[in-house]
Structure formats: C-alpha cells, structure tokens
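Asker: Quick one: the structure is below, and I'll ask about it shortly.
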Amino acid sequence: MRRLAVPCALLLAAAGCGGGGSTQPTRTVTTDAGGTLTVTAREYSFDPNRVEVSGAGALKIVLRNDGDLAHNIHLERDGEDVGGTPSFAPGGSRSVRLDLQPGTYELLCTVGDHAELGMKGKLTVK
Ligand SMILES: [Cu+2]
C-alpha cells in the first residue's frame, strides 16, 4: 500500500527577506550650534546620515544634490515637519537655516518614496 503524500506548497515570501540587507553606510558627523552642516544627496541616501549637533540654536543645512533626480532635505520632529529645502534639480545646492531645540530629529527627502528607499537619517541636538 502506498501512502498518499500531500505535496507541500512552497511559498517563498520574498517580502520576508528584509532586515540586515541594507548596504547604506552610516556616517556620523558632529557640528556646533551656529555652524553649517553640509549633506550630500544621492539615490537613495544622505551623507552623512547621522548628525550630532552640540547645542541648541540656529543650524544652517546645505544640501548638495549629487544624484540624477530632484531631492530635498526636511527635518521632522515627532512626525511634524520643522522645515527644510525645496526640491531641486541635480547638480545644484540649496540651504536652509533652522532653529533647533535639544532633541532628536528625522532627516528625510520628501520626494516620492525616497525616504522609504533610504533617504533618511537622524539628527540629534544635545
Ligand atoms: Cu530624494
């Protein structure tokens, strides 16, 4: 007698392969309050993507677009936008001056799904 084997359905969920696959290097810079922070944008990353600011106050952020698409940089705190540059074409740069309080801010590009694709980071004001 032959035993009936129920074939196993092999469901390979590609979506389950996430985690640890990031190839984005993390670079941290430290800047002083009242200083200038220069960030380079590409598809799809910011460099640096970890920023520590020593002291609250005005910070000038210069974004250089070294990519092939329009990008911007915005800061969010607790999900609320606190300002940033407009989106602009590759090859250019824009700056914005923000008055920052101590705390943690998210850096992100608000164009399309760029933040989801990796254009994000963290800025901490101490
Ligand atoms: Cu972008």
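By order of appearance in the structure tokens: chains A, B, ..., then residues from 1 within every chain, and ligands from 1 in the order shown.
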Produce as JSON, numbers by chain the set of residues near ligand 1, where near means within 10 Å with only C-alpha atoms and all ligand atoms considered.
Answerer: {"A": [41, 42, 43, 44, 45, 46, 65, 67, 68, 69, 70, 71, 72, 73, 87, 88, 108, 109, 110, 111, 112, 113, 114, 115, 116, 117, 118, 119, 120]}
Asker: Restricting it to N, CA and C atoms, dump the selection as a PDB file, in the first residue's frame.
Answerer:
ATOM      1  N   ALA A  41      23.176  64.505  -1.220  1.00  0.00           N
ATOM      2  CA  ALA A  41      22.057  63.626  -1.562  1.00  0.00           C
ATOM      3  C   ALA A  41      22.367  62.849  -2.825  1.00  0.00           C
ATOM      4  N   ARG A  42      22.058  61.557  -2.802  1.00  0.00           N
ATOM      5  CA  ARG A  42      22.148  60.696  -3.987  1.00  0.00           C
ATOM      6  C   ARG A  42      20.959  59.748  -3.946  1.00  0.00           C
ATOM      7  N   GLU A  43      20.844  58.901  -4.986  1.00  0.00           N
ATOM      8  CA  GLU A  43      19.786  57.884  -4.967  1.00  0.00           C
ATOM      9  C   GLU A  43      20.354  56.657  -4.256  1.00  0.00           C
ATOM     10  N   TYR A  44      19.865  56.268  -3.144  1.00  0.00           N
ATOM     11  CA  TYR A  44      18.892  56.954  -2.306  1.00  0.00           C
ATOM     12  C   TYR A  44      19.511  57.024  -0.929  1.00  0.00           C
ATOM     13  N   SER A  45      20.276  58.054  -0.702  1.00  0.00           N
ATOM     14  CA  SER A  45      20.929  58.182   0.598  1.00  0.00           C
ATOM     15  C   SER A  45      21.310  59.629   0.865  1.00  0.00           C
ATOM     16  N   PHE A  46      21.542  59.898   2.143  1.00  0.00           N
ATOM     17  CA  PHE A  46      22.146  61.147   2.570  1.00  0.00           C
ATOM     18  C   PHE A  46      23.508  60.816   3.151  1.00  0.00           C
ATOM     19  N   ASN A  65      23.004  68.268  -4.245  1.00  0.00           N
ATOM     20  CA  ASN A  65      22.359  67.168  -4.961  1.00  0.00           C
ATOM     21  C   ASN A  65      23.335  66.581  -5.976  1.00  0.00           C
ATOM     22  N   GLY A  67      22.871  63.563  -7.177  1.00  0.00           N
ATOM     23  CA  GLY A  67      22.153  62.444  -7.783  1.00  0.00           C
ATOM     24  C   GLY A  67      21.700  62.751  -9.198  1.00  0.00           C
ATOM     25  N   ASP A  68      20.750  61.965  -9.677  1.00  0.00           N
ATOM     26  CA  ASP A  68      20.195  62.121 -11.021  1.00  0.00           C
ATOM     27  C   ASP A  68      18.734  62.543 -10.996  1.00  0.00           C
ATOM     28  N   LEU A  69      18.222  62.751  -9.789  1.00  0.00           N
ATOM     29  CA  LEU A  69      16.824  63.146  -9.623  1.00  0.00           C
ATOM     30  C   LEU A  69      16.767  64.361  -8.716  1.00  0.00           C
ATOM     31  N   ALA A  70      15.614  65.010  -8.696  1.00  0.00           N
ATOM     32  CA  ALA A  70      15.411  66.116  -7.763  1.00  0.00           C
ATOM     33  C   ALA A  70      15.291  65.552  -6.341  1.00  0.00           C
ATOM     34  N   HIS A  71      15.878  66.274  -5.395  1.00  0.00           N
ATOM     35  CA  HIS A  71      15.811  65.861  -3.998  1.00  0.00           C
ATOM     36  C   HIS A  71      15.612  67.082  -3.111  1.00  0.00           C
ATOM     37  N   ASN A  72      15.314  66.824  -1.854  1.00  0.00           N
ATOM     38  CA  ASN A  72      15.285  67.872  -0.848  1.00  0.00           C
ATOM     39  C   ASN A  72      15.710  67.260   0.468  1.00  0.00           C
ATOM     40  N   ILE A  73      15.810  68.108   1.486  1.00  0.00           N
ATOM     41  CA  ILE A  73      16.027  67.576   2.831  1.00  0.00           C
ATOM     42  C   ILE A  73      15.082  68.299   3.776  1.00  0.00           C
ATOM     43  N   SER A  87      12.582  71.081  -3.155  1.00  0.00           N
ATOM     44  CA  SER A  87      13.172  70.077  -4.045  1.00  0.00           C
ATOM     45  C   SER A  87      13.877  70.817  -5.170  1.00  0.00           C
ATOM     46  N   PHE A  88      15.033  70.317  -5.569  1.00  0.00           N
ATOM     47  CA  PHE A  88      15.749  70.999  -6.640  1.00  0.00           C
ATOM     48  C   PHE A  88      16.520  69.998  -7.498  1.00  0.00           C
ATOM     49  N   LEU A 108      14.871  63.576   6.233  1.00  0.00           N
ATOM     50  CA  LEU A 108      14.309  62.819   5.132  1.00  0.00           C
ATOM     51  C   LEU A 108      14.126  63.657   3.879  1.00  0.00           C
ATOM     52  N   CYS A 109      14.113  62.953   2.759  1.00  0.00           N
ATOM     53  CA  CYS A 109      13.761  63.548   1.471  1.00  0.00           C
ATOM     54  C   CYS A 109      12.293  63.250   1.269  1.00  0.00           C
ATOM     55  N   THR A 110      11.500  64.307   1.003  1.00  0.00           N
ATOM     56  CA  THR A 110      10.050  64.116   0.913  1.00  0.00           C
ATOM     57  C   THR A 110       9.585  63.858  -0.514  1.00  0.00           C
ATOM     58  N   VAL A 111      10.516  63.699  -1.466  1.00  0.00           N
ATOM     59  CA  VAL A 111      10.139  63.415  -2.858  1.00  0.00           C
ATOM     60  C   VAL A 111       9.712  61.949  -2.962  1.00  0.00           C
ATOM     61  N   GLY A 112       8.529  61.716  -3.503  1.00  0.00           N
ATOM     62  CA  GLY A 112       8.048  60.348  -3.760  1.00  0.00           C
ATOM     63  C   GLY A 112       8.277  59.428  -2.576  1.00  0.00           C
ATOM     64  N   ASP A 113       8.865  58.254  -2.867  1.00  0.00           N
ATOM     65  CA  ASP A 113       9.143  57.297  -1.797  1.00  0.00           C
ATOM     66  C   ASP A 113      10.634  57.263  -1.459  1.00  0.00           C
ATOM     67  N   HIS A 114      11.311  58.393  -1.676  1.00  0.00           N
ATOM     68  CA  HIS A 114      12.763  58.429  -1.465  1.00  0.00           C
ATOM     69  C   HIS A 114      13.173  58.097  -0.030  1.00  0.00           C
ATOM     70  N   ALA A 115      12.398  58.588   0.929  1.00  0.00           N
ATOM     71  CA  ALA A 115      12.752  58.312   2.328  1.00  0.00           C
ATOM     72  C   ALA A 115      12.688  56.807   2.587  1.00  0.00           C
ATOM     73  N   GLU A 116      11.638  56.191   2.050  1.00  0.00           N
ATOM     74  CA  GLU A 116      11.472  54.749   2.204  1.00  0.00           C
ATOM     75  C   GLU A 116      12.639  53.999   1.555  1.00  0.00           C
ATOM     76  N   LEU A 117      13.147  54.549   0.469  1.00  0.00           N
ATOM     77  CA  LEU A 117      14.239  53.895  -0.255  1.00  0.00           C
ATOM     78  C   LEU A 117      15.605  54.143   0.386  1.00  0.00           C
ATOM     79  N   GLY A 118      15.653  54.978   1.396  1.00  0.00           N
ATOM     80  CA  GLY A 118      16.910  55.143   2.106  1.00  0.00           C
ATOM     81  C   GLY A 118      17.337  56.574   2.363  1.00  0.00           C
ATOM     82  N   MET A 119      16.589  57.533   1.800  1.00  0.00           N
ATOM     83  CA  MET A 119      16.986  58.933   2.018  1.00  0.00           C
ATOM     84  C   MET A 119      16.428  59.427   3.345  1.00  0.00           C
ATOM     85  N   LYS A 120      17.058  58.938   4.396  1.00  0.00           N
ATOM     86  CA  LYS A 120      16.647  59.350   5.733  1.00  0.00           C
ATOM     87  C   LYS A 120      17.845  59.238   6.666  1.00  0.00           C
TER      88      LYS A 120
END
Asker: Write down as a PDB file with N, CA, C and O atoms, in the first residue's frame the residues of chain A whose backbone DSSP state falls under alpha helix (DSSP H).
Answerer:
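Written file, states.pdb:
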ATOM      1  N   HIS A 114      11.311  58.393  -1.676  1.00  0.00           N
ATOM      2  CA  HIS A 114      12.763  58.429  -1.465  1.00  0.00           C
ATOM      3  C   HIS A 114      13.173  58.097  -0.030  1.00  0.00           C
ATOM      4  O   HIS A 114      14.172  57.416   0.179  1.00  0.00           O
ATOM      5  N   ALA A 115      12.398  58.588   0.929  1.00  0.00           N
ATOM      6  CA  ALA A 115      12.752  58.312   2.328  1.00  0.00           C
ATOM      7  C   ALA A 115      12.688  56.807   2.587  1.00  0.00           C
ATOM      8  O   ALA A 115      13.582  56.237   3.213  1.00  0.00           O
ATOM      9  N   GLU A 116      11.638  56.191   2.050  1.00  0.00           N
ATOM     10  CA  GLU A 116      11.472  54.749   2.204  1.00  0.00           C
ATOM     11  C   GLU A 116      12.639  53.999   1.555  1.00  0.00           C
ATOM     12  O   GLU A 116      13.057  52.948   2.026  1.00  0.00           O
ATOM     13  N   LEU A 117      13.147  54.549   0.469  1.00  0.00           N
ATOM     14  CA  LEU A 117      14.239  53.895  -0.255  1.00  0.00           C
ATOM     15  C   LEU A 117      15.605  54.143   0.386  1.00  0.00           C
ATOM     16  O   LEU A 117      16.605  53.618  -0.069  1.00  0.00           O
TER      17      LEU A 117
END
Asker: Find the residues around Arg50 of chain A up to 9 Å (only C-alpha atoms counted), leave out those fewer than 5 positions away in its own chain, and share them as a PDB file with N, CA, C and O atoms, in the first residue's frame.
Answerer:
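That gives us selection-v3.pdb:
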ATOM      1  N   THR A  26      26.719  54.058   7.253  1.00  0.00           N
ATOM      2  CA  THR A  26      26.318  55.068   8.215  1.00  0.00           C
ATOM      3  C   THR A  26      27.522  55.931   8.535  1.00  0.00           C
ATOM      4  O   THR A  26      28.582  55.425   8.853  1.00  0.00           O
ATOM      5  N   ARG A  27      27.342  57.222   8.381  1.00  0.00           N
ATOM      6  CA  ARG A  27      28.441  58.121   8.720  1.00  0.00           C
ATOM      7  C   ARG A  27      27.898  59.190   9.653  1.00  0.00           C
ATOM      8  O   ARG A  27      26.863  59.781   9.394  1.00  0.00           O
ATOM      9  N   THR A  28      28.609  59.395  10.729  1.00  0.00           N
ATOM     10  CA  THR A  28      28.195  60.367  11.724  1.00  0.00           C
ATOM     11  C   THR A  28      29.113  61.581  11.670  1.00  0.00           C
ATOM     12  O   THR A  28      30.323  61.433  11.583  1.00  0.00           O
ATOM     13  N   VAL A  29      28.522  62.755  11.690  1.00  0.00           N
ATOM     14  CA  VAL A  29      29.325  63.961  11.848  1.00  0.00           C
ATOM     15  C   VAL A  29      28.806  64.736  13.049  1.00  0.00           C
ATOM     16  O   VAL A  29      27.640  64.645  13.408  1.00  0.00           O
ATOM     17  N   THR A  30      29.706  65.483  13.635  1.00  0.00           N
ATOM     18  CA  THR A  30      29.352  66.335  14.762  1.00  0.00           C
ATOM     19  C   THR A  30      29.588  67.773  14.351  1.00  0.00           C
ATOM     20  O   THR A  30      30.588  68.086  13.729  1.00  0.00           O
ATOM     21  N   LEU A 107      15.817  63.079   9.548  1.00  0.00           N
ATOM     22  CA  LEU A 107      16.167  63.720   8.282  1.00  0.00           C
ATOM     23  C   LEU A 107      15.480  62.917   7.192  1.00  0.00           C
ATOM     24  O   LEU A 107      15.508  61.692   7.222  1.00  0.00           O
ATOM     25  N   GLY A 121      17.685  59.853   7.794  1.00  0.00           N
ATOM     26  CA  GLY A 121      18.766  59.828   8.765  1.00  0.00           C
ATOM     27  C   GLY A 121      18.278  60.400  10.068  1.00  0.00           C
ATOM     28  O   GLY A 121      17.078  60.605  10.268  1.00  0.00           O
ATOM     29  N   LYS A 122      19.227  60.648  10.938  1.00  0.00           N
ATOM     30  CA  LYS A 122      18.868  61.105  12.278  1.00  0.00           C
ATOM     31  C   LYS A 122      19.771  62.244  12.677  1.00  0.00           C
ATOM     32  O   LYS A 122      20.986  62.203  12.446  1.00  0.00           O
ATOM     33  N   LEU A 123      19.189  63.271  13.243  1.00  0.00           N
ATOM     34  CA  LEU A 123      19.946  64.407  13.747  1.00  0.00           C
ATOM     35  C   LEU A 123      19.588  64.600  15.210  1.00  0.00           C
ATOM     36  O   LEU A 123      18.425  64.641  15.573  1.00  0.00           O
ATOM     37  N   THR A 124      20.609  64.644  16.033  1.00  0.00           N
ATOM     38  CA  THR A 124      20.402  64.793  17.464  1.00  0.00           C
ATOM     39  C   THR A 124      21.012  66.102  17.925  1.00  0.00           C
ATOM     40  O   THR A 124      22.171  66.389  17.636  1.00  0.00           O
TER      41      THR A 124
END
Asker: State, in Å with one decimal place, the distance from atom CA of Leu98 of chain A to atom CA of Val51 of chain A.
Answerer: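 Interatomic distance here is 14.4 Å.
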Asker: Excluding Asp99 of chain A and its own-chain neighbours fewer than 2 positions away, which residues fall within 12 Å of it when counting only C-alpha atoms? Please give them as a list in words.
Answerer: Ala33, Gly34, Gly35, Val53, Gly55, Ala56, Gly57, Ala58, Leu59, Lys60, Ile61, Leu75, Val82, Gly83, Gly84, Val96, Arg97, Gln101, Pro102 and Val125 of chain A
Asker: Those selected residues, please, written with all heavy atoms and delivered as a short mmCIF file (atom, residue, chain, number, x, y, z; two decimals), in the first residue's frame.
Answerer:
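Output (again_4.cif):
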data_model
loop_
_atom_site.label_atom_id
_atom_site.label_comp_id
_atom_site.auth_asym_id
_atom_site.auth_seq_id
_atom_site.Cartn_x
_atom_site.Cartn_y
_atom_site.Cartn_z
N ALA A 33 26.48 74.16 17.31
CA ALA A 33 25.34 75.05 17.13
C ALA A 33 25.85 76.33 16.49
O ALA A 33 26.93 76.81 16.82
CB ALA A 33 24.69 75.35 18.47
N GLY A 34 25.08 76.87 15.56
CA GLY A 34 25.52 78.06 14.86
C GLY A 34 26.41 77.75 13.67
O GLY A 34 26.82 78.64 12.94
N GLY A 35 26.70 76.46 13.47
CA GLY A 35 27.56 76.05 12.38
C GLY A 35 26.79 75.71 11.13
O GLY A 35 25.60 75.96 11.02
N VAL A 53 24.55 67.51 16.87
CA VAL A 53 24.78 68.94 17.00
C VAL A 53 24.98 69.24 18.47
O VAL A 53 24.16 68.88 19.30
CB VAL A 53 23.59 69.75 16.45
CG1 VAL A 53 23.88 71.24 16.51
CG2 VAL A 53 23.26 69.33 15.03
N GLY A 55 24.61 71.53 21.05
CA GLY A 55 23.98 72.76 21.49
C GLY A 55 22.82 73.17 20.61
O GLY A 55 22.87 73.03 19.40
N ALA A 56 21.75 73.68 21.25
CA ALA A 56 20.60 74.17 20.51
C ALA A 56 20.94 75.49 19.85
O ALA A 56 21.91 76.15 20.22
CB ALA A 56 19.41 74.33 21.46
N GLY A 57 20.12 75.87 18.87
CA GLY A 57 20.33 77.14 18.19
C GLY A 57 20.14 77.00 16.71
O GLY A 57 19.60 76.01 16.22
N ALA A 58 20.59 78.02 15.99
CA ALA A 58 20.41 78.03 14.55
C ALA A 58 21.45 77.13 13.88
O ALA A 58 22.63 77.16 14.23
CB ALA A 58 20.55 79.45 14.02
N LEU A 59 20.99 76.33 12.97
CA LEU A 59 21.88 75.47 12.20
C LEU A 59 21.60 75.70 10.72
O LEU A 59 20.44 75.66 10.29
CB LEU A 59 21.66 74.00 12.55
CG LEU A 59 22.53 73.00 11.80
CD1 LEU A 59 23.98 73.08 12.26
CD2 LEU A 59 21.99 71.58 11.99
N LYS A 60 22.66 75.96 9.96
CA LYS A 60 22.48 76.10 8.52
C LYS A 60 22.76 74.74 7.89
O LYS A 60 23.81 74.15 8.13
CB LYS A 60 23.44 77.15 7.97
CG LYS A 60 23.26 77.41 6.48
CD LYS A 60 24.27 78.44 5.99
CE LYS A 60 24.09 78.67 4.51
NZ LYS A 60 25.17 79.53 3.97
N ILE A 61 21.80 74.26 7.13
CA ILE A 61 21.97 72.98 6.45
C ILE A 61 22.08 73.24 4.95
O ILE A 61 21.21 73.89 4.36
CB ILE A 61 20.79 72.03 6.73
CG1 ILE A 61 20.66 71.78 8.22
CG2 ILE A 61 20.97 70.71 5.98
CD1 ILE A 61 19.42 70.99 8.61
N LEU A 75 13.50 68.23 7.97
CA LEU A 75 13.64 67.71 9.33
C LEU A 75 12.25 67.54 9.92
O LEU A 75 11.38 68.39 9.72
CB LEU A 75 14.44 68.70 10.20
CG LEU A 75 15.93 68.39 10.34
CD1 LEU A 75 16.62 68.61 9.01
CD2 LEU A 75 16.55 69.24 11.41
N VAL A 82 9.62 70.41 10.51
CA VAL A 82 10.10 71.65 11.12
C VAL A 82 10.85 72.50 10.10
O VAL A 82 11.43 73.52 10.45
CB VAL A 82 11.00 71.37 12.35
CG1 VAL A 82 10.21 70.66 13.44
CG2 VAL A 82 12.23 70.57 11.99
N GLY A 83 10.83 72.09 8.85
CA GLY A 83 11.44 72.90 7.80
C GLY A 83 12.43 72.12 6.97
O GLY A 83 12.78 70.99 7.28
N GLY A 84 12.84 72.74 5.89
CA GLY A 84 13.80 72.09 5.00
C GLY A 84 13.95 72.87 3.72
O GLY A 84 13.43 73.99 3.59
N VAL A 96 19.12 75.91 4.07
CA VAL A 96 18.02 76.32 4.92
C VAL A 96 18.61 76.55 6.30
O VAL A 96 19.58 75.89 6.70
CB VAL A 96 16.89 75.26 4.93
CG1 VAL A 96 17.36 73.93 5.52
CG2 VAL A 96 15.67 75.77 5.68
N ARG A 97 18.05 77.52 7.02
CA ARG A 97 18.53 77.80 8.36
C ARG A 97 17.40 77.48 9.32
O ARG A 97 16.30 78.01 9.20
CB ARG A 97 18.92 79.28 8.44
CG ARG A 97 19.74 79.64 9.64
CD ARG A 97 20.30 81.06 9.43
NE ARG A 97 20.85 81.60 10.66
CZ ARG A 97 20.11 82.17 11.62
NH1 ARG A 97 18.82 82.26 11.47
NH2 ARG A 97 20.70 82.63 12.70
N GLN A 101 15.88 72.93 18.74
CA GLN A 101 15.85 72.69 20.18
C GLN A 101 16.53 71.34 20.46
O GLN A 101 16.61 70.51 19.56
CB GLN A 101 14.41 72.64 20.68
CG GLN A 101 13.57 73.84 20.29
CD GLN A 101 14.14 75.13 20.83
OE1 GLN A 101 14.54 75.19 21.99
NE2 GLN A 101 14.21 76.15 19.98
N PRO A 102 16.96 71.14 21.70
CA PRO A 102 17.53 69.82 22.02
C PRO A 102 16.51 68.72 21.75
O PRO A 102 15.33 68.89 22.00
CB PRO A 102 17.84 69.91 23.52
CG PRO A 102 17.99 71.38 23.79
CD PRO A 102 17.02 72.05 22.85
N VAL A 125 20.23 66.90 18.62
CA VAL A 125 20.73 68.14 19.21
C VAL A 125 20.89 67.90 20.71
O VAL A 125 19.94 67.50 21.38
CB VAL A 125 19.75 69.30 18.95
CG1 VAL A 125 20.29 70.60 19.57
CG2 VAL A 125 19.51 69.50 17.47
#
Asker: Please, which residues of segment 39-105 of chain A, numbered as in this document, come out strand (DSSP E or B) from DSSP, as a short mmCIF file (atom, residue, chain, number, x, y, z; two decimals) with N, CA and C atoms, in the first residue's frame?
Answerer:
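Writing done, so here's states-v3.cif:
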data_model
loop_
_atom_site.label_atom_id
_atom_site.label_comp_id
_atom_site.auth_asym_id
_atom_site.auth_seq_id
_atom_site.Cartn_x
_atom_site.Cartn_y
_atom_site.Cartn_z
N VAL A 39 25.26 68.33 3.62
CA VAL A 39 24.80 66.96 3.38
C VAL A 39 24.75 66.74 1.87
N THR A 40 25.20 65.57 1.43
CA THR A 40 25.14 65.22 0.01
C THR A 40 24.01 64.22 -0.22
N ALA A 41 23.18 64.51 -1.22
CA ALA A 41 22.06 63.63 -1.56
C ALA A 41 22.37 62.85 -2.83
N ARG A 42 22.06 61.56 -2.80
CA ARG A 42 22.15 60.70 -3.99
C ARG A 42 20.96 59.75 -3.95
N SER A 45 20.28 58.05 -0.70
CA SER A 45 20.93 58.18 0.60
C SER A 45 21.31 59.63 0.86
N PHE A 46 21.54 59.90 2.14
CA PHE A 46 22.15 61.15 2.57
C PHE A 46 23.51 60.82 3.15
N ASP A 47 24.45 61.67 2.89
CA ASP A 47 25.76 61.51 3.52
C ASP A 47 26.17 62.85 4.12
N ARG A 50 23.89 60.49 9.96
CA ARG A 50 23.80 60.61 11.42
C ARG A 50 24.52 61.89 11.78
N VAL A 51 23.80 62.79 12.41
CA VAL A 51 24.37 64.10 12.74
C VAL A 51 24.16 64.38 14.22
N GLU A 52 25.22 64.83 14.86
CA GLU A 52 25.10 65.25 16.24
C GLU A 52 25.47 66.72 16.32
N VAL A 53 24.55 67.51 16.87
CA VAL A 53 24.78 68.94 17.00
C VAL A 53 24.98 69.24 18.47
N SER A 54 26.10 69.87 18.78
CA SER A 54 26.38 70.18 20.18
C SER A 54 25.81 71.54 20.52
N GLY A 57 20.12 75.87 18.87
CA GLY A 57 20.33 77.14 18.19
C GLY A 57 20.14 77.00 16.71
N ALA A 58 20.59 78.02 15.99
CA ALA A 58 20.41 78.03 14.55
C ALA A 58 21.45 77.13 13.88
N LEU A 59 20.99 76.33 12.97
CA LEU A 59 21.88 75.47 12.20
C LEU A 59 21.60 75.70 10.72
N LYS A 60 22.66 75.96 9.96
CA LYS A 60 22.48 76.10 8.52
C LYS A 60 22.76 74.74 7.89
N ILE A 61 21.80 74.26 7.13
CA ILE A 61 21.97 72.98 6.45
C ILE A 61 22.08 73.24 4.95
N VAL A 62 23.17 72.79 4.37
CA VAL A 62 23.38 72.91 2.93
C VAL A 62 23.22 71.53 2.32
N LEU A 63 22.31 71.40 1.37
CA LEU A 63 22.14 70.12 0.69
C LEU A 63 22.71 70.22 -0.72
N ARG A 64 23.64 69.34 -1.02
CA ARG A 64 24.19 69.23 -2.38
C ARG A 64 23.52 68.05 -3.05
N ASN A 65 23.00 68.27 -4.25
CA ASN A 65 22.36 67.17 -4.96
C ASN A 65 23.34 66.58 -5.98
N HIS A 71 15.88 66.27 -5.39
CA HIS A 71 15.81 65.86 -4.00
C HIS A 71 15.61 67.08 -3.11
N HIS A 74 14.39 67.52 4.59
CA HIS A 74 13.50 68.08 5.58
C HIS A 74 13.81 67.47 6.93
N LEU A 75 13.50 68.23 7.97
CA LEU A 75 13.64 67.71 9.33
C LEU A 75 12.25 67.54 9.92
N GLU A 76 12.08 66.45 10.61
CA GLU A 76 10.81 66.21 11.30
C GLU A 76 11.11 65.89 12.75
N ARG A 77 10.19 66.37 13.60
CA ARG A 77 10.30 66.03 15.00
C ARG A 77 8.94 65.53 15.45
N GLU A 80 6.35 65.79 12.87
CA GLU A 80 5.96 67.12 12.38
C GLU A 80 7.12 67.77 11.65
N ASP A 81 6.83 68.29 10.48
CA ASP A 81 7.85 68.94 9.69
C ASP A 81 8.30 70.24 10.37
N VAL A 82 9.62 70.41 10.51
CA VAL A 82 10.10 71.65 11.12
C VAL A 82 10.85 72.50 10.10
N GLY A 83 10.83 72.09 8.85
CA GLY A 83 11.44 72.90 7.80
C GLY A 83 12.43 72.12 6.97
N GLY A 84 12.84 72.74 5.89
CA GLY A 84 13.80 72.09 5.00
C GLY A 84 13.95 72.87 3.72
N PHE A 88 15.03 70.32 -5.57
CA PHE A 88 15.75 71.00 -6.64
C PHE A 88 16.52 70.00 -7.50
N SER A 93 22.69 73.12 -5.29
CA SER A 93 22.64 73.02 -3.84
C SER A 93 21.68 74.10 -3.32
N ARG A 94 21.07 73.80 -2.17
CA ARG A 94 20.16 74.73 -1.52
C ARG A 94 20.48 74.70 -0.04
N SER A 95 20.17 75.79 0.63
CA SER A 95 20.41 75.79 2.07
C SER A 95 19.17 76.27 2.80
N VAL A 96 19.12 75.91 4.07
CA VAL A 96 18.02 76.32 4.92
C VAL A 96 18.61 76.55 6.30
N ARG A 97 18.05 77.52 7.02
CA ARG A 97 18.53 77.80 8.36
C ARG A 97 17.40 77.48 9.32
N LEU A 98 17.68 76.58 10.25
CA LEU A 98 16.64 76.12 11.17
C LEU A 98 17.06 76.37 12.61
N ASP A 99 16.09 76.76 13.40
CA ASP A 99 16.33 76.97 14.82
C ASP A 99 15.97 75.68 15.54
N LEU A 100 16.96 75.01 16.09
CA LEU A 100 16.73 73.68 16.64
C LEU A 100 16.82 73.65 18.16
N GLY A 103 16.98 67.62 21.21
CA GLY A 103 16.09 66.51 20.91
C GLY A 103 16.56 65.75 19.68
N THR A 104 15.69 64.85 19.23
CA THR A 104 16.03 64.01 18.09
C THR A 104 15.12 64.34 16.91
N TYR A 105 15.72 64.52 15.77
CA TYR A 105 15.00 64.85 14.55
C TYR A 105 15.28 63.79 13.49
#
